[in-house]
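With compact mmCIF, C-alpha atoms and all ligand atoms inside, this is final-v1.txt:
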# COMPACT_ATOMS: atom_id res chain seq x y z
CA MET A 1 0.00 0.00 0.00
CA LYS A 2 1.24 3.50 -0.76
CA PRO A 3 0.65 6.30 1.74
CA LEU A 4 -1.89 9.03 1.04
CA GLY A 5 -1.24 12.71 1.65
CA PRO A 6 -2.38 14.27 4.94
CA VAL A 7 -6.05 15.29 5.10
CA PRO A 8 -6.09 18.93 6.30
CA ALA A 9 -7.17 19.26 9.94
CA GLY A 10 -10.68 20.31 10.84
CA PHE A 11 -12.93 18.34 8.49
CA ALA A 12 -15.88 16.85 10.36
CA THR A 13 -17.93 13.69 9.83
CA ILE A 14 -21.75 13.77 9.81
CA ASP A 15 -23.68 10.47 9.54
CA GLY A 16 -20.49 8.72 8.42
CA GLU A 17 -19.89 11.24 5.64
CA LEU A 18 -17.34 13.97 5.10
CA ALA A 19 -18.81 17.37 5.99
CA ILE A 20 -17.67 20.67 4.51
CA GLY A 21 -18.86 23.91 6.08
CA GLY A 22 -21.18 21.88 8.33
CA ARG A 23 -22.88 20.09 5.43
CA LYS A 24 -22.68 16.48 4.29
CA ALA A 25 -20.97 15.71 1.00
CA SER A 26 -24.10 14.02 -0.39
CA ASP A 27 -26.22 17.10 0.42
CA LEU A 28 -23.72 19.39 -1.28
CA VAL A 29 -23.74 17.20 -4.39
CA ALA A 30 -27.55 17.12 -4.34
CA GLU A 31 -27.63 20.92 -4.22
CA ALA A 32 -25.13 21.25 -7.06
CA GLY A 33 -27.12 18.70 -9.03
CA ARG A 34 -24.05 16.92 -10.34
CA THR A 35 -20.57 15.61 -9.84
CA PRO A 36 -17.70 16.33 -10.16
CA LEU A 37 -17.98 19.25 -7.77
CA PHE A 38 -15.49 21.57 -6.13
CA VAL A 39 -16.65 22.76 -2.73
CA TYR A 40 -14.80 25.66 -1.10
CA SER A 41 -15.35 26.65 2.52
CA ARG A 42 -15.74 30.33 3.34
CA GLU A 43 -15.12 29.56 6.99
CA ARG A 44 -11.82 27.84 6.27
CA ILE A 45 -10.65 30.72 4.06
CA ALA A 46 -11.54 33.28 6.73
CA ALA A 47 -9.80 31.21 9.42
CA ARG A 48 -6.65 31.04 7.31
CA VAL A 49 -6.62 34.78 6.75
CA ALA A 50 -7.10 35.32 10.50
CA GLU A 51 -4.11 33.04 11.25
CA LEU A 52 -1.98 35.05 8.83
CA ARG A 53 -3.09 38.37 10.28
CA SER A 54 -2.17 37.30 13.78
CA ALA A 55 1.17 35.73 12.82
CA LEU A 56 2.50 38.37 10.43
CA PRO A 57 3.66 41.85 11.39
CA GLN A 58 0.72 44.24 11.28
CA GLN A 59 2.27 46.55 8.71
CA VAL A 60 2.54 43.77 6.11
CA ALA A 61 -0.43 43.81 3.74
CA LEU A 62 -1.86 40.60 2.39
CA ASN A 63 -2.51 40.06 -1.31
CA TYR A 64 -4.37 37.20 -2.96
CA ALA A 65 -2.87 35.63 -6.10
CA VAL A 66 -6.03 35.24 -8.16
CA LYS A 67 -4.70 32.48 -10.39
CA ALA A 68 -4.95 30.00 -7.51
CA ASN A 69 -8.74 30.21 -7.59
CA PRO A 70 -10.66 32.87 -9.52
CA PHE A 71 -14.16 31.49 -8.75
CA ALA A 72 -16.34 34.61 -8.45
CA PRO A 73 -17.76 33.89 -4.97
CA VAL A 74 -14.21 33.21 -3.73
CA LEU A 75 -13.06 36.57 -5.11
CA GLN A 76 -16.02 38.31 -3.46
CA THR A 77 -15.19 36.65 -0.13
CA MET A 78 -11.53 37.60 -0.49
CA SER A 79 -12.47 41.17 -1.24
CA GLY A 80 -13.53 41.62 2.38
CA LEU A 81 -10.59 39.69 3.82
CA VAL A 82 -7.36 40.66 2.06
CA ASP A 83 -5.79 43.98 1.10
CA GLY A 84 -4.78 43.49 -2.51
CA PHE A 85 -5.13 41.22 -5.52
CA ASP A 86 -2.43 39.98 -7.87
CA ILE A 87 -3.57 39.10 -11.35
CA ALA A 88 -1.63 37.67 -14.26
CA SER A 89 -3.84 38.28 -17.30
CA GLY A 90 -6.46 40.55 -18.79
CA GLY A 91 -8.95 37.73 -18.22
CA GLU A 92 -8.26 37.86 -14.49
CA LEU A 93 -8.68 41.65 -14.61
CA THR A 94 -12.17 41.10 -16.01
CA MET A 95 -12.86 38.57 -13.23
CA VAL A 96 -11.75 40.82 -10.35
CA THR A 97 -13.62 43.78 -11.79
CA ALA A 98 -16.77 41.67 -12.17
CA ALA A 99 -16.40 40.67 -8.50
CA GLY A 100 -16.59 44.37 -7.61
CA ILE A 101 -12.95 44.69 -6.60
CA ASP A 102 -11.49 48.22 -6.90
CA PRO A 103 -8.73 48.15 -9.57
CA ALA A 104 -6.65 50.40 -7.29
CA ARG A 105 -6.16 47.29 -5.11
CA VAL A 106 -4.92 45.22 -8.04
CA SER A 107 -1.44 44.59 -9.44
CA PHE A 108 -0.77 42.79 -12.67
CA ALA A 109 2.33 40.62 -13.19
CA GLY A 110 3.14 38.05 -15.83
CA PRO A 111 5.22 37.92 -18.98
CA GLY A 112 3.65 38.45 -22.37
CA LYS A 113 1.05 41.07 -21.48
CA ARG A 114 -0.59 42.13 -24.74
CA ASP A 115 -1.11 45.81 -25.63
CA ASP A 116 -4.87 45.51 -25.10
CA GLU A 117 -4.25 44.03 -21.63
CA LEU A 118 -1.81 46.82 -20.77
CA GLU A 119 -4.29 49.44 -21.93
CA ALA A 120 -7.18 47.94 -19.95
CA ALA A 121 -5.03 47.78 -16.82
CA ILE A 122 -3.55 51.27 -17.17
CA SER A 123 -6.88 52.91 -17.83
CA ALA A 124 -8.44 51.11 -14.85
CA GLY A 125 -5.63 52.27 -12.52
CA VAL A 126 -4.13 48.82 -11.94
CA THR A 127 -0.44 48.71 -10.98
CA LEU A 128 1.62 46.91 -13.60
CA ASN A 129 4.49 44.79 -12.37
CA LEU A 130 6.74 45.30 -15.38
CA GLU A 131 8.47 42.18 -16.61
CA SER A 132 10.95 43.79 -19.04
CA GLU A 133 12.24 47.05 -20.48
CA GLY A 134 10.25 46.30 -23.64
CA GLU A 135 7.04 46.01 -21.67
CA ALA A 136 7.90 49.28 -19.87
CA ALA A 137 8.28 51.04 -23.22
CA ARG A 138 4.92 49.70 -24.46
CA ALA A 139 3.20 50.66 -21.20
CA LEU A 140 4.59 54.21 -21.30
CA ALA A 141 3.55 54.63 -24.95
CA ILE A 142 0.02 53.35 -24.28
CA ALA A 143 -0.33 55.58 -21.20
CA ALA A 144 0.80 58.63 -23.20
CA ARG A 145 -1.66 57.81 -25.98
CA ILE A 146 -4.63 57.50 -23.62
CA GLY A 147 -3.50 60.37 -21.39
CA VAL A 148 -3.20 58.48 -18.11
CA THR A 149 -0.29 58.50 -15.63
CA PRO A 150 0.51 54.78 -15.38
CA ARG A 151 1.13 53.05 -12.06
CA LEU A 152 4.25 51.05 -12.69
CA ALA A 153 6.24 48.76 -10.42
CA VAL A 154 9.25 46.77 -11.53
CA ARG A 155 9.30 43.04 -11.10
CA VAL A 156 12.82 42.06 -10.20
CA ASN A 157 14.40 38.78 -11.22
CA PRO A 158 16.30 38.27 -7.99
CA ASP A 159 19.78 36.78 -7.89
CA PHE A 160 18.57 34.10 -5.43
CA ASP A 161 15.70 31.66 -5.18
CA LEU A 162 13.48 30.25 -2.47
CA LYS A 163 15.15 27.08 -1.18
CA GLY A 164 13.00 23.95 -1.13
CA SER A 165 10.49 25.75 -3.29
CA GLY A 166 8.19 23.56 -5.40
CA MET A 167 8.42 25.92 -8.35
CA LYS A 168 11.48 28.11 -8.69
CA MET A 169 10.78 31.50 -10.18
CA GLY A 170 13.94 33.48 -9.47
CA GLY A 171 17.71 33.08 -9.75
CA GLY A 172 19.60 32.91 -13.04
CA ALA A 173 18.02 33.40 -16.44
CA LYS A 174 14.23 33.64 -16.22
CA PRO A 175 11.31 34.85 -18.31
CA PHE A 176 10.06 36.67 -15.18
CA GLY A 177 11.13 40.12 -14.10
CA VAL A 178 14.06 42.35 -14.97
CA ASP A 179 17.52 41.14 -13.97
CA ALA A 180 18.42 42.89 -10.72
CA GLU A 181 21.45 44.73 -12.09
CA ARG A 182 19.35 46.43 -14.79
CA VAL A 183 16.56 47.52 -12.42
CA PRO A 184 18.00 50.85 -11.17
CA ALA A 185 18.36 52.18 -14.71
CA LEU A 186 14.78 51.18 -15.52
CA VAL A 187 13.46 52.88 -12.37
CA LYS A 188 15.29 56.10 -13.30
CA HIS A 189 13.78 55.88 -16.78
CA LEU A 190 10.24 55.41 -15.42
CA LEU A 191 10.62 58.38 -13.07
CA ALA A 192 12.03 60.56 -15.85
CA ALA A 193 9.08 59.57 -18.06
CA GLY A 194 6.66 60.85 -15.40
CA ALA A 195 5.19 57.48 -14.41
CA ASP A 196 3.75 56.88 -10.95
CA TRP A 197 6.49 54.48 -9.87
CA ARG A 198 5.03 52.12 -7.28
CA GLY A 199 8.13 50.16 -6.25
CA PHE A 200 9.33 46.59 -6.57
CA HIS A 201 7.81 43.15 -6.93
CA ILE A 202 10.21 40.38 -5.93
CA PHE A 203 8.88 36.82 -6.09
CA ALA A 204 11.40 34.05 -5.56
CA GLY A 205 9.39 30.84 -5.50
CA SER A 206 6.38 28.87 -4.42
CA GLN A 207 5.19 25.94 -2.25
CA ALA A 208 7.86 26.12 0.46
CA LEU A 209 7.17 24.39 3.78
CA ASP A 210 10.42 25.41 5.47
CA ALA A 211 10.00 28.54 7.62
CA ALA A 212 13.76 29.12 7.78
CA ALA A 213 14.03 29.09 3.98
CA ILE A 214 11.17 31.58 3.69
CA ALA A 215 12.72 33.82 6.35
CA GLU A 216 16.06 33.73 4.57
CA THR A 217 14.43 34.64 1.26
CA GLN A 218 12.53 37.51 2.87
CA ALA A 219 15.78 38.84 4.35
CA GLN A 220 17.46 38.61 0.95
CA THR A 221 14.45 40.28 -0.67
CA LEU A 222 14.58 43.23 1.74
CA ALA A 223 18.32 43.59 1.24
CA LEU A 224 17.91 43.50 -2.53
CA ALA A 225 15.11 46.07 -2.45
CA ALA A 226 17.26 48.38 -0.31
CA ARG A 227 20.24 48.00 -2.63
CA LEU A 228 18.18 48.66 -5.77
CA ALA A 229 16.49 51.68 -4.16
CA ALA A 230 19.87 53.14 -3.24
CA GLU A 231 21.24 52.56 -6.74
CA ALA A 232 18.12 54.08 -8.31
CA GLY A 233 18.29 57.00 -5.88
CA ALA A 234 14.59 56.69 -5.12
CA MET A 235 12.49 55.43 -2.23
CA PRO A 236 10.08 52.66 -3.32
CA PRO A 237 6.52 53.45 -2.15
CA LYS A 238 5.82 49.73 -1.95
CA VAL A 239 7.69 46.42 -2.01
CA ASN A 240 5.88 43.19 -2.74
CA LEU A 241 7.97 40.58 -0.92
CA GLY A 242 6.50 37.62 -2.81
CA GLY A 243 5.15 34.70 -0.85
CA GLY A 244 5.75 31.05 -1.48
CA PHE A 245 4.04 29.73 1.66
CA GLY A 246 3.31 26.08 0.97
CA ILE A 247 0.68 23.62 2.17
CA PRO A 248 1.16 19.90 2.91
CA TYR A 249 0.04 17.83 -0.09
CA PHE A 250 2.04 14.65 0.23
CA PRO A 251 2.82 11.95 2.80
CA GLY A 252 5.41 13.28 5.25
CA ASP A 253 4.78 16.98 4.44
CA GLU A 254 4.59 19.08 7.61
CA PRO A 255 2.63 22.33 7.79
CA LEU A 256 4.61 25.55 7.56
CA ASP A 257 5.57 27.09 10.92
CA LEU A 258 3.73 30.35 10.31
CA ALA A 259 4.60 31.81 13.70
CA ALA A 260 8.31 31.41 12.91
CA VAL A 261 7.88 33.13 9.53
CA GLY A 262 6.01 36.02 11.13
CA LYS A 263 8.52 36.42 13.92
CA ALA A 264 11.50 36.49 11.56
CA LEU A 265 9.82 39.01 9.27
CA GLY A 266 8.91 41.19 12.24
CA ALA A 267 12.54 41.24 13.35
CA GLN A 268 13.71 42.14 9.84
CA LEU A 269 11.23 44.98 9.54
CA GLU A 270 12.45 46.43 12.82
CA GLN A 271 15.92 46.99 11.42
CA LEU A 272 15.10 48.30 7.99
CA PRO A 273 17.70 50.21 6.06
CA ALA A 274 16.97 53.96 5.81
CA GLY A 275 16.11 53.66 2.12
CA LEU A 276 13.01 51.59 2.96
CA ALA A 277 11.88 53.65 5.97
CA ASN A 278 8.70 54.90 4.27
CA THR A 279 8.02 51.81 2.19
CA ALA A 280 4.81 49.79 2.53
CA PHE A 281 5.19 46.01 2.34
CA CYS A 282 2.95 43.24 1.17
CA ILE A 283 3.11 39.53 0.57
CA GLU A 284 1.16 37.66 -2.07
CA LEU A 285 -0.26 34.21 -1.47
CA GLY A 286 -2.39 31.85 -3.52
CA ARG A 287 -2.48 28.26 -2.36
CA TYR A 288 -1.82 29.08 1.29
CA LEU A 289 -5.03 31.13 1.40
CA VAL A 290 -7.38 28.80 -0.44
CA GLY A 291 -5.75 25.42 -1.12
CA GLU A 292 -6.88 23.61 2.01
CA SER A 293 -10.34 25.20 1.91
CA GLY A 294 -11.35 23.19 -1.13
CA VAL A 295 -12.48 19.60 -1.69
CA TYR A 296 -13.12 17.96 -5.03
CA LEU A 297 -16.02 15.47 -4.91
CA THR A 298 -16.38 12.87 -7.60
CA ARG A 299 -18.72 9.90 -7.90
CA VAL A 300 -17.68 6.26 -8.24
CA VAL A 301 -19.09 4.97 -11.55
CA ASP A 302 -17.35 1.61 -11.69
CA ARG A 303 -15.40 -0.77 -9.53
CA LYS A 304 -13.20 -3.26 -11.26
CA VAL A 305 -10.37 -5.67 -10.66
CA SER A 306 -7.49 -6.16 -13.07
CA HIS A 307 -4.82 -8.76 -12.36
CA GLY A 308 -5.83 -8.66 -8.72
CA GLU A 309 -5.66 -4.86 -8.38
CA VAL A 310 -8.77 -2.89 -7.45
CA TYR A 311 -9.70 0.19 -9.49
CA ILE A 312 -12.21 2.69 -8.22
CA VAL A 313 -13.31 4.48 -11.39
CA THR A 314 -14.77 7.96 -10.91
CA ASP A 315 -16.55 10.53 -13.03
CA GLY A 316 -13.78 13.05 -12.28
CA GLY A 317 -10.13 13.09 -13.13
CA LEU A 318 -7.06 14.98 -14.21
CA HIS A 319 -9.15 17.34 -16.33
CA HIS A 320 -10.05 19.01 -13.00
CA GLN A 321 -7.20 17.74 -10.85
CA LEU A 322 -4.06 17.83 -12.94
CA ALA A 323 -1.86 18.36 -9.87
CA ALA A 324 -3.41 15.52 -7.88
CA SER A 325 -2.79 13.21 -10.83
CA GLY A 326 0.91 14.11 -10.61
CA ASN A 327 1.06 15.85 -13.96
CA PHE A 328 1.52 19.50 -12.92
CA GLY A 329 5.19 20.10 -12.24
CA THR A 330 5.93 17.02 -10.14
CA VAL A 331 8.92 14.78 -10.77
CA VAL A 332 7.89 11.75 -8.70
CA ARG A 333 4.21 10.89 -8.49
CA ARG A 334 2.98 10.86 -4.89
CA ASN A 335 -0.54 10.63 -3.54
CA TYR A 336 -2.58 13.65 -2.57
CA PRO A 337 -4.91 13.35 0.40
CA VAL A 338 -7.81 11.31 -1.00
CA ALA A 339 -10.67 9.64 0.91
CA ILE A 340 -14.01 7.97 0.32
CA ALA A 341 -16.22 10.93 1.30
CA SER A 342 -19.34 8.83 1.78
CA ARG A 343 -17.46 6.54 4.19
CA PHE A 344 -15.28 9.20 5.82
CA GLY A 345 -13.29 7.87 8.74
CA ALA A 346 -14.31 4.25 8.12
CA PRO A 347 -11.51 1.71 8.60
CA VAL A 348 -9.23 0.74 5.72
CA GLN A 349 -10.42 -2.48 4.12
CA GLU A 350 -8.51 -2.74 0.87
CA GLU A 351 -5.80 -1.42 -1.37
CA ALA A 352 -7.24 0.40 -4.37
CA SER A 353 -6.28 2.92 -7.02
CA VAL A 354 -8.70 5.75 -7.66
CA VAL A 355 -8.71 6.63 -11.33
CA GLY A 356 -10.55 9.18 -13.44
CA CYS A 357 -12.77 8.72 -16.44
CA LEU A 358 -10.24 9.85 -19.03
CA CYS A 359 -8.86 7.33 -21.47
CA THR A 360 -5.23 7.83 -20.48
CA PRO A 361 -3.01 6.05 -17.96
CA LEU A 362 -2.08 9.50 -16.58
CA ASP A 363 -5.54 9.85 -15.08
CA ARG A 364 -4.92 8.50 -11.59
CA LEU A 365 -6.11 10.36 -8.49
CA ALA A 366 -4.69 7.92 -5.94
CA ASP A 367 -2.23 5.11 -6.54
CA LYS A 368 -2.61 1.92 -4.44
CA GLY A 369 -3.95 3.69 -1.37
CA GLY A 370 -5.70 2.13 1.60
CA PHE A 371 -9.47 2.76 1.61
CA PRO A 372 -12.72 1.43 3.02
CA ARG A 373 -14.38 -0.67 0.33
CA ALA A 374 -16.05 1.75 -2.10
CA GLU A 375 -19.01 0.80 -4.28
CA VAL A 376 -20.60 2.36 -7.33
CA GLY A 377 -22.39 5.52 -6.19
CA ASP A 378 -19.96 6.36 -3.39
CA LEU A 379 -18.33 9.78 -3.36
CA VAL A 380 -14.56 10.26 -3.42
CA ALA A 381 -12.94 13.39 -1.95
CA VAL A 382 -9.66 14.86 -3.15
CA PHE A 383 -8.43 17.39 -0.59
CA CYS A 384 -6.20 20.45 -1.08
CA ALA A 385 -8.37 21.19 -4.11
CA GLY A 386 -8.98 24.87 -3.41
CA ALA A 387 -6.00 26.09 -5.42
CA TYR A 388 -4.81 25.17 -8.92
CA GLY A 389 -7.60 22.62 -9.34
CA ALA A 390 -10.35 24.07 -11.49
CA SER A 391 -8.10 26.95 -12.59
CA ALA A 392 -5.11 24.87 -13.65
CA SER A 393 -6.50 21.72 -15.24
CA PRO A 394 -7.42 20.98 -18.87
CA ALA A 395 -11.20 20.89 -18.41
CA MET A 396 -11.90 20.49 -22.13
CA PHE A 397 -9.71 17.40 -22.53
CA LEU A 398 -11.77 14.57 -24.01
CA GLY A 399 -14.78 16.85 -24.20
CA GLN A 400 -15.43 16.57 -20.46
CA GLY A 401 -15.96 20.24 -19.60
CA PRO A 402 -15.62 22.03 -16.27
CA ALA A 403 -16.68 20.71 -12.87
CA ALA A 404 -19.39 22.40 -10.82
CA GLU A 405 -18.11 24.81 -8.16
CA MET A 406 -19.69 25.95 -4.92
CA LEU A 407 -18.68 28.14 -2.00
CA VAL A 408 -20.33 27.20 1.28
C1 LIG B 501 1.67 31.98 -8.80
C2 LIG B 501 2.17 33.17 -8.15
C3 LIG B 501 1.84 33.42 -6.82
C4 LIG B 501 1.05 32.47 -5.98
O1 LIG B 501 1.76 31.31 -5.69
P1 LIG B 501 1.22 30.32 -4.56
O2 LIG B 501 2.19 29.22 -4.53
O3 LIG B 501 -0.14 29.88 -4.97
O4 LIG B 501 1.17 31.10 -3.29
C5 LIG B 501 2.28 34.59 -6.26
N1 LIG B 501 2.99 35.47 -6.98
C6 LIG B 501 3.35 35.26 -8.26
C7 LIG B 501 4.14 36.26 -8.98
C8 LIG B 501 2.95 34.11 -8.89
O5 LIG B 501 3.32 33.88 -10.15

Rewrite the structure of this file - the entire thing - as C-alpha cells.
Ligand SMILES: *Cc1c(COP(=O)(O)O)cnc(C)c1O
Amino acid sequence: MKPLGPVPAGFATIDGELAIGGRKASDLVAEAGRTPLFVYSRERIAARVAELRSALPQQVALNYAVKANPFAPVLQTMSGLVDGFDIASGGELTMVTAAGIDPARVSFAGPGKRDDELEAAISAGVTLNLESEGEAARALAIAARIGVTPRLAVRVNPDFDLKGSGMKMGGGAKPFGVDAERVPALVKHLLAAGADWRGFHIFAGSQALDAAAIAETQAQTLALAARLAAEAGAMPPKVNLGGGFGIPYFPGDEPLDLAAVGKALGAQLEQLPAGLANTAFCIELGRYLVGESGVYLTRVVDRKVSHGEVYIVTDGGLHHQLAASGNFGTVVRRNYPVAIASRFGAPVQEEASVVGCLCTPLDRLADKGGFPRAEVGDLVAVFCAGAYGASASPAMFLGQGPAAEMLV
C-alpha cells in the first residue's frame, strides 16, 4: 500500500460522511445537481486569513494571487478579507472587476502582457508589475496615448531563489522580471518619463514548507530592495515581498511554521535600512489562502479488478485535478490526500487505485492507497483542491468540460 497525503485538519464527519462547512458531501452534491464538484469553505478561508493576520507583522499587507482560484464567490469573499489582488492576465482583470474589486487594489504581473491588456489595466488604474524594459516602453507609450499616468512597479528577477520551493521562479536566467542589475536604470527611466512608480515586486518561488528558507528569502528580498532603491536614488513606495508559503500535499509533508515566519519578518522589519523607511510592504499568497479550503467530490461509476488490483473508477479526473494526478510540475508521483467521502473515517479495508474517467493512464487520483471498500455511487474526496484545481487543469480534454463549483 502506498501512503496518502495528509487530510487537512478540521474536516468533520456527519452520519459517516465527510462534511464541509457543516454540510454532508451528499447534500452538497444534491444541491449542485451533479458531480464532479469543487466545494470551497468560506469559513476555512476566513480562518486562514485570521491566522496570517495574527502571525504576520501588522504593517505587512496581504494580497491574494487570483490564479490559484478565480471562482467569483471566492473573489467576493476575499475582497472583504485581504488587502490586494495579484492578477496575471487581462482575463483575471475582467474577473476581479466583475467581482466588484477596486482596480486600485490590483497589481498585474506576468510575462507576455498584450497591448490591449496593458491598456485595460492602465486605464483602470491597476499597478503593472513590469516584466521587461520592452514592456515598460509599451506601457509608457500606451499611457501617453490615452492620457493616463501609469502606475508602474518593476518586477525584479532576484539573484537568489526560495530554497525547497516547489516551483522556482527566481535566480539565473528567467522569463520573469528584470535582472536585478538592470533595475536601477529602468526605475530612473520610469521616473524621468513621469510614471507613478510604485516600487518593486520580488517573487522568488512557491510551495515552500520550510520557515527558515522563507525567512532567509525575505531577508534577501529586503536587502535587494534596499540596494536597488539606493542605486536608483529613489524610495520605493511599496515592495511586494512575494510569498511562497506552501501547504502539505504529500505523505510526510509538515505544515509551515507560520509563527516562525512572522517572527522572523517582524525582526527584519524592525531593522530596515533607511532607504526603505517609508516603504509599505505586502506579501502575495495563492495556495496558502485557499488550497486547504477546497475539496473535489467525484462519484464512483465503476469498480473493477485487473490482475488482482482494485480500481475505483470515478466521473472526475485529471481534467479538473491535474496536480493531484501528478502531472503538474511534479517529478515523482505521490498521492494527494484522498478519501471515500461517503465513508469518511471508516476503517481501511482494501488497497485500491482511484482513477478518473479519461482514457489515459495519466488519469490517476490515488495510486494503491488504503481505503474502506467503495461501491458504485460512493463519493470520493480529493483534498487540497482549493488552489490550482479548477483553474489549472485541462477541463476540455476529451470533451469533459468544467466541474461544478460551490462556495459554502
Ligand atoms: C503563482 C504566483 C503566486 C502564488 O503562488 P502560490 O504558490 O499559490 O502562493 C504569487 N505570486 C506570483 C508572482 C505568482 O506567479

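Taking atom CA of Ser165 of chain A and atom CA of Ala109 of chain A as endpoints, the distance between them is 19.6 Å.
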
Within 6 Å of ligand LIG 501 (chain B), which residues show up when you count all atoms listed in the file? List them as a PDB file with C-alpha atoms, keeping the file's coordinate frame, please.
ATOM      1  CA  ALA A  65      -2.870  35.630  -6.100  1.00  0.00           C
ATOM      2  CA  ALA A  68      -4.950  30.000  -7.510  1.00  0.00           C
ATOM      3  CA  PHE A 203       8.880  36.820  -6.090  1.00  0.00           C
ATOM      4  CA  SER A 206       6.380  28.870  -4.420  1.00  0.00           C
ATOM      5  CA  GLN A 207       5.190  25.940  -2.250  1.00  0.00           C
ATOM      6  CA  GLY A 242       6.500  37.620  -2.810  1.00  0.00           C
ATOM      7  CA  GLY A 243       5.150  34.700  -0.850  1.00  0.00           C
ATOM      8  CA  GLY A 244       5.750  31.050  -1.480  1.00  0.00           C
ATOM      9  CA  PHE A 245       4.040  29.730   1.660  1.00  0.00           C
ATOM     10  CA  GLU A 284       1.160  37.660  -2.070  1.00  0.00           C
ATOM     11  CA  LEU A 285      -0.260  34.210  -1.470  1.00  0.00           C
ATOM     12  CA  GLY A 286      -2.390  31.850  -3.520  1.00  0.00           C
ATOM     13  CA  ARG A 287      -2.480  28.260  -2.360  1.00  0.00           C
ATOM     14  CA  TYR A 288      -1.820  29.080   1.290  1.00  0.00           C
TER      15      TYR A 288
END

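Between atom CA of Asp363 of chain A and atom CA of Leu318 of chain A lies a distance of 5.4 Å.
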
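Proximity to Gly112 of chain A at 12 Å, evaluated using all atoms listed in the file and with sequence-adjacent residues fewer than 5 positions away removed, yields Ala88, Ser89, Gly90, Glu117, Leu118, Asn129, Leu130, Glu131, Ser132, Gly134, Glu135, Ala136, Arg138, Pro175, Phe176 and Gly177 of chain A.
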
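Here the question is which of A:Asp83, A:Asp302, A:Asp378, A:Asp257 gets nearest to Val49 of chain A using all atoms listed in the file, and that residue is A:Asp83.
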
Checklist entry - Out of A:Met235, A:Asp179, A:Arg105, A:Ser54, which residue has the shortest atom-to-atom distance to Gly266 of chain A when counting all atoms listed in the file? => result A:Ser54

Compile a residue-level contact table for segment 53-141 of chain A against segment 35-42 of chain A at a cut-off of 12 Å, reporting for every qualifying residue the shortest atom pair and its distance in Å to one decimal, with only C-alpha atoms counted, rows ordered by chain and ascending number, as CSV.
residue,atom,partner,partner_atom,distance
A:Asn69,CA,A:Tyr40,CA,10.0
A:Pro70,CA,A:Tyr40,CA,11.8
A:Phe71,CA,A:Tyr40,CA,9.6
A:Ala72,CA,A:Tyr40,CA,11.7
A:Pro73,CA,A:Arg42,CA,9.3
A:Val74,CA,A:Arg42,CA,7.8
A:Leu75,CA,A:Arg42,CA,10.8
A:Gln76,CA,A:Arg42,CA,10.5
A:Thr77,CA,A:Arg42,CA,7.2
A:Met78,CA,A:Arg42,CA,9.2
A:Gly80,CA,A:Arg42,CA,11.5
A:Leu81,CA,A:Arg42,CA,10.7

As JSON: centre and edge lengths in Å, one decimal, of the axis-aligned box holding segment 3-15 of chain A with 8 Å per side:
{"center_x": -11.5, "center_y": 13.3, "center_z": 5.9, "size_x": 40.3, "size_y": 30.0, "size_z": 25.8}

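The closest residue to Ala25 of chain A, picked from A:Asp159, A:Glu350, A:Leu322, A:Ala12 and counting only C-alpha atoms, is A:Ala12.
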
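Considering the residues A:Leu4, A:Leu190, A:Leu265, A:Val60 and counting only C-alpha atoms, Ser353 of chain A has its shortest atom-to-atom contact with A:Leu4.
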
Checklist entry - Using all atoms listed in the file, what residues lie at most 6 Å away from (10.9, 49.6, -12.2) (file coordinates), given as a list in words? => result Ala153, Val154, Leu186 and Val187 of chain A

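Counting from atom CA of Thr221 of chain A, the distance to atom CA of Ile101 of chain A is 28.4 Å.
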
Taking a cut-off of 10 Å and counting only C-alpha atoms, can you build a table that, for each residue of segment 240-352 of chain A near segment 404-408 of chain A, reports the nearest atom pair and how far apart they are in Å (one decimal), sorted by chain then residue number, as a tab-separated table?
residue	atom	partner	partner_atom	distance
A:Ser293	CA	A:Leu407	CA	9.7
A:Gly294	CA	A:Leu407	CA	8.9
A:Tyr296	CA	A:Glu405	CA	9.0
A:Leu297	CA	A:Ala404	CA	9.7

Written file, previous selection with C-alpha atoms, as a PDB file, keeping the file's coordinate frame:
ATOM      1  CA  SER A 293     -10.340  25.200   1.910  1.00  0.00           C
ATOM      2  CA  GLY A 294     -11.350  23.190  -1.130  1.00  0.00           C
ATOM      3  CA  TYR A 296     -13.120  17.960  -5.030  1.00  0.00           C
ATOM      4  CA  LEU A 297     -16.020  15.470  -4.910  1.00  0.00           C
TER       5      LEU A 297
END

Using the structure block above, produce a file of segment 36-49 of chain A that contains C-alpha atoms, as an mmCIF file, in the first residue's frame.
data_model
loop_
_atom_site.group_PDB
_atom_site.id
_atom_site.type_symbol
_atom_site.label_atom_id
_atom_site.label_comp_id
_atom_site.auth_asym_id
_atom_site.auth_seq_id
_atom_site.Cartn_x
_atom_site.Cartn_y
_atom_site.Cartn_z
ATOM 1 C CA PRO A 36 -17.696 16.329 -10.161
ATOM 2 C CA LEU A 37 -17.984 19.246 -7.772
ATOM 3 C CA PHE A 38 -15.486 21.573 -6.134
ATOM 4 C CA VAL A 39 -16.647 22.761 -2.731
ATOM 5 C CA TYR A 40 -14.804 25.662 -1.105
ATOM 6 C CA SER A 41 -15.351 26.648 2.515
ATOM 7 C CA ARG A 42 -15.742 30.334 3.337
ATOM 8 C CA GLU A 43 -15.117 29.563 6.994
ATOM 9 C CA ARG A 44 -11.817 27.839 6.271
ATOM 10 C CA ILE A 45 -10.653 30.722 4.057
ATOM 11 C CA ALA A 46 -11.543 33.281 6.730
ATOM 12 C CA ALA A 47 -9.799 31.210 9.419
ATOM 13 C CA ARG A 48 -6.654 31.038 7.311
ATOM 14 C CA VAL A 49 -6.617 34.781 6.750
#
